[in-house]
Every structure is written in C-alpha cells, then in structure tokens.
Amino acid sequence: MDFSHVEADLAKTLITEEELHAKLQELAREIEADYEGKDLLLVGVLRGAVMVMADLARALQRHIEMDWMAVSSYGSGTVSSGVVRILKDLDSDLTGRNVLIVEDIIDSGLTLSWLRANLESRGAASVEICTMLRKPDALKVQVDVKYCGFDIPNEFVIGYGLDYAEKYRNLRGIGVLAPHVYSGE
Ligand code: PRP
C-alpha cells in the first residue's frame, strides 16, 4: 500500500520505500563484510520484522538461514514491562551459530535486551542486532545495536511492518500516525 491510500491518517511521511531499500543495501554490504566466511542465522521477531527480514535477506549476496520468534511483553497497554513471554520459539539449535536478530524497531529497548540475553544463553557463538528504526529518546535500557537503519523521533510511527491496531503493516514506507486516529479511543 502506498502513502496515497492513508494520507488522511498520517501527520507526515517519515521514510520512503526508496530510502528504506537504499539503507538496506548499505546494511547488507556491512553485514556481508562482517560475516565473511562465517555462517549466519537471521532471527526475525514476529510480526513487525517480516518486511525488514524479507528485504534484508534478499539484499544479502550470500547464503543465510532464517528463523522466527514471536514474543510478547507483559505490561499494561502500550507500557512495556521488560518481562517477555515466548509465544513461538526458534526451531534452530543456536549452539555455535552466528545469530543476527532482525527487528523493525527498538523503542524502550526492553524486548531486545531480554531477547539478546536469552539467545546468548543458548550457546550462540555471537548474537548481534539489526534494526531498521530506533527511538533514542524512548530508550529505557541501553542496547548495543550493531546495525541500525534510522534513528527517529519519539513519535507514533506506522508502516513497513509497524502497526496501529494491526493496520498499516503493509504500507510501503514509514509515516507518523495523525493523533486523531488514536486519540478517539
Ligand atoms: C515491537 C517491535 C519490537 C518491540 C520493541 O513489537 O517489533 O519487538 O515492539 O519495543 P521495545 O523496545 O519497547 O521493547 P510489538 O510488541 O509492537 O509487536 P509486533 O512486532 O507484533 O507489532
């Protein structure tokens, strides 16, 4: 879906599809160089990371494997507590593997900081993080991110996997949601 279909719901467009894809090419070259001669397992975190995972995997000019996790953070509404429950675990054994967690966004950092520790405890050779977006002003815990697409302001963003009430995930670019969409709740 293009921006033109959701114009009334957006405060502004933030990142276009072209900018996202150009950034993924940059990240893919860095990843290829860093993991040269090593195996690489991409771990996508459902559901938001589906788009980044699909595009990053195809941008990489090398063999990779893909696996998926679904997690849910306990907490009330939009406030994340940092306690994470695994809804769907990996199928892969991580012993000795080079794991790259692929995410759409790091907000408070609580999910990723828990996830990284969890995957490290399974005997992986390395665990790094690649995220398309990061909100520096929303961080509650420091997360060491090796590959980051864009640092963005602390606003309600949707598109490219990111939802509001499960909508907008299929928007090709990333936009800031207009307050009237969520203030009427
Ligand atoms: C988003 C995102 C991360 C998490 C980041 O997922 O994909 O997993 O929130 O937030 P944090 O840094 O504050 O922990 P969400 O819980 O919205 O689920 P979804 O991917 O299914 O949309």
# chains A, B, ... in the order shown; residues from 1 in each chain; ligands from 1
>>> residues_near_ligand(ligand="ligand 1", cutoff="9 Å", atoms="only C-alpha atoms and all ligand atoms", output="NGL selection string")
:A and (45-50 or 70-73 or 78-82 or 84 or 103-114 or 134-135 or 138-141 or 161-166 or 169)
>>> residues_around(residues="segment 52-64 of chain A", least_positions_apart="2", cutoff="7 Å", atoms="only C-alpha atoms", output="ChimeraX atom specification")
/A:24-25,28,32,40-41,44,49-50,66,102,104
>>> write_last_selection(atoms="all heavy atoms", output="PDB file, in the first residue's frame")
ATOM      1  N   LEU A  24      18.885  -0.531   3.340  1.00  0.00           N
ATOM      2  CA  LEU A  24      19.077  -1.978   3.472  1.00  0.00           C
ATOM      3  C   LEU A  24      20.265  -2.461   2.647  1.00  0.00           C
ATOM      4  O   LEU A  24      20.979  -3.379   3.057  1.00  0.00           O
ATOM      5  CB  LEU A  24      17.808  -2.721   3.039  1.00  0.00           C
ATOM      6  CG  LEU A  24      16.732  -2.818   4.112  1.00  0.00           C
ATOM      7  CD1 LEU A  24      15.470  -3.434   3.535  1.00  0.00           C
ATOM      8  CD2 LEU A  24      17.217  -3.639   5.302  1.00  0.00           C
ATOM      9  N   GLN A  25      20.468  -1.844   1.494  1.00  0.00           N
ATOM     10  CA  GLN A  25      21.633  -2.218   0.681  1.00  0.00           C
ATOM     11  C   GLN A  25      22.920  -1.894   1.432  1.00  0.00           C
ATOM     12  O   GLN A  25      23.852  -2.693   1.463  1.00  0.00           O
ATOM     13  CB  GLN A  25      21.612  -1.493  -0.674  1.00  0.00           C
ATOM     14  CG  GLN A  25      20.517  -1.963  -1.618  1.00  0.00           C
ATOM     15  CD  GLN A  25      20.663  -3.430  -2.018  1.00  0.00           C
ATOM     16  OE1 GLN A  25      21.770  -3.984  -2.056  1.00  0.00           O
ATOM     17  NE2 GLN A  25      19.553  -4.091  -2.303  1.00  0.00           N
ATOM     18  N   ALA A  28      23.338  -4.341   4.225  1.00  0.00           N
ATOM     19  CA  ALA A  28      23.676  -5.670   3.692  1.00  0.00           C
ATOM     20  C   ALA A  28      25.170  -5.763   3.362  1.00  0.00           C
ATOM     21  O   ALA A  28      25.812  -6.785   3.638  1.00  0.00           O
ATOM     22  CB  ALA A  28      22.832  -5.973   2.455  1.00  0.00           C
ATOM     23  N   GLU A  32      27.653  -8.398   5.069  1.00  0.00           N
ATOM     24  CA  GLU A  32      28.442  -9.342   4.249  1.00  0.00           C
ATOM     25  C   GLU A  32      29.914  -9.277   4.641  1.00  0.00           C
ATOM     26  O   GLU A  32      30.584 -10.304   4.758  1.00  0.00           O
ATOM     27  CB  GLU A  32      28.305  -8.988   2.761  1.00  0.00           C
ATOM     28  CG  GLU A  32      26.960  -9.339   2.168  1.00  0.00           C
ATOM     29  CD  GLU A  32      26.697  -8.576   0.868  1.00  0.00           C
ATOM     30  OE1 GLU A  32      27.609  -7.853   0.396  1.00  0.00           O
ATOM     31  OE2 GLU A  32      25.570  -8.686   0.350  1.00  0.00           O
ATOM     32  N   LEU A  40      25.590 -17.624   9.047  1.00  0.00           N
ATOM     33  CA  LEU A  40      24.761 -16.517   9.528  1.00  0.00           C
ATOM     34  C   LEU A  40      23.302 -16.956   9.608  1.00  0.00           C
ATOM     35  O   LEU A  40      22.718 -17.387   8.611  1.00  0.00           O
ATOM     36  CB  LEU A  40      24.897 -15.314   8.582  1.00  0.00           C
ATOM     37  CG  LEU A  40      24.098 -14.069   8.943  1.00  0.00           C
ATOM     38  CD1 LEU A  40      24.380 -13.577  10.351  1.00  0.00           C
ATOM     39  CD2 LEU A  40      24.389 -12.954   7.936  1.00  0.00           C
ATOM     40  N   LEU A  41      22.761 -16.839  10.821  1.00  0.00           N
ATOM     41  CA  LEU A  41      21.350 -17.160  11.048  1.00  0.00           C
ATOM     42  C   LEU A  41      20.603 -15.876  11.381  1.00  0.00           C
ATOM     43  O   LEU A  41      20.894 -15.227  12.397  1.00  0.00           O
ATOM     44  CB  LEU A  41      21.219 -18.153  12.212  1.00  0.00           C
ATOM     45  CG  LEU A  41      19.795 -18.485  12.667  1.00  0.00           C
ATOM     46  CD1 LEU A  41      19.005 -19.199  11.574  1.00  0.00           C
ATOM     47  CD2 LEU A  41      19.825 -19.340  13.944  1.00  0.00           C
ATOM     48  N   GLY A  44      14.183 -13.384  12.927  1.00  0.00           N
ATOM     49  CA  GLY A  44      13.180 -12.327  12.827  1.00  0.00           C
ATOM     50  C   GLY A  44      12.212 -12.407  13.992  1.00  0.00           C
ATOM     51  O   GLY A  44      11.867 -13.495  14.452  1.00  0.00           O
ATOM     52  N   ALA A  49       8.795  -7.515  12.159  1.00  0.00           N
ATOM     53  CA  ALA A  49      10.055  -7.617  11.412  1.00  0.00           C
ATOM     54  C   ALA A  49       9.925  -8.329  10.067  1.00  0.00           C
ATOM     55  O   ALA A  49      10.915  -8.470   9.344  1.00  0.00           O
ATOM     56  CB  ALA A  49      11.110  -8.338  12.259  1.00  0.00           C
ATOM     57  N   VAL A  50       8.717  -8.743   9.720  1.00  0.00           N
ATOM     58  CA  VAL A  50       8.546  -9.534   8.496  1.00  0.00           C
ATOM     59  C   VAL A  50       9.074  -8.802   7.260  1.00  0.00           C
ATOM     60  O   VAL A  50       9.784  -9.384   6.432  1.00  0.00           O
ATOM     61  CB  VAL A  50       7.059  -9.913   8.311  1.00  0.00           C
ATOM     62  CG1 VAL A  50       6.800 -10.445   6.914  1.00  0.00           C
ATOM     63  CG2 VAL A  50       6.662 -10.960   9.345  1.00  0.00           C
ATOM     64  N   MET A  66      17.150 -18.493   7.952  1.00  0.00           N
ATOM     65  CA  MET A  66      16.174 -17.644   8.640  1.00  0.00           C
ATOM     66  C   MET A  66      15.380 -18.467   9.638  1.00  0.00           C
ATOM     67  O   MET A  66      15.015 -19.602   9.359  1.00  0.00           O
ATOM     68  CB  MET A  66      15.170 -17.056   7.645  1.00  0.00           C
ATOM     69  CG  MET A  66      15.709 -15.942   6.806  1.00  0.00           C
ATOM     70  SD  MET A  66      14.392 -15.242   5.786  1.00  0.00           S
ATOM     71  CE  MET A  66      14.692 -16.098   4.272  1.00  0.00           C
ATOM     72  N   VAL A 102      16.840  -9.634  13.739  1.00  0.00           N
ATOM     73  CA  VAL A 102      16.344  -8.621  12.807  1.00  0.00           C
ATOM     74  C   VAL A 102      15.032  -8.057  13.344  1.00  0.00           C
ATOM     75  O   VAL A 102      14.082  -8.796  13.593  1.00  0.00           O
ATOM     76  CB  VAL A 102      16.126  -9.241  11.403  1.00  0.00           C
ATOM     77  CG1 VAL A 102      15.570  -8.206  10.437  1.00  0.00           C
ATOM     78  CG2 VAL A 102      17.440  -9.817  10.878  1.00  0.00           C
ATOM     79  N   ASP A 104      12.153  -4.541  13.407  1.00  0.00           N
ATOM     80  CA  ASP A 104      11.659  -3.323  12.760  1.00  0.00           C
ATOM     81  C   ASP A 104      12.004  -2.087  13.589  1.00  0.00           C
ATOM     82  O   ASP A 104      12.428  -1.076  13.058  1.00  0.00           O
ATOM     83  CB  ASP A 104      10.140  -3.400  12.508  1.00  0.00           C
ATOM     84  CG  ASP A 104       9.359  -3.834  13.743  1.00  0.00           C
ATOM     85  OD1 ASP A 104       9.968  -4.395  14.670  1.00  0.00           O
ATOM     86  OD2 ASP A 104       8.139  -3.620  13.781  1.00  0.00           O
TER      87      ASP A 104
END
>>> select_by_dssp(residues="chain A", states="strand (DSSP E)", output="PyMOL selection string")
chain A and resi 10-15+41-46+65-73+84-88+98-106+126-134+147-151+157-158+174-177
>>> residues_around(residues="segment 87-96 of chain A", least_positions_apart="6", cutoff="8 Å", atoms="only C-alpha atoms", output="MDAnalysis selection string")
chainID A and resid 67:72 119 122:126
>>> closest_residue(among="A:Met1, A:Ala8, A:Met51, A:Met132", to="Arg172 of chain A", atoms="only C-alpha atoms")
A:Met1
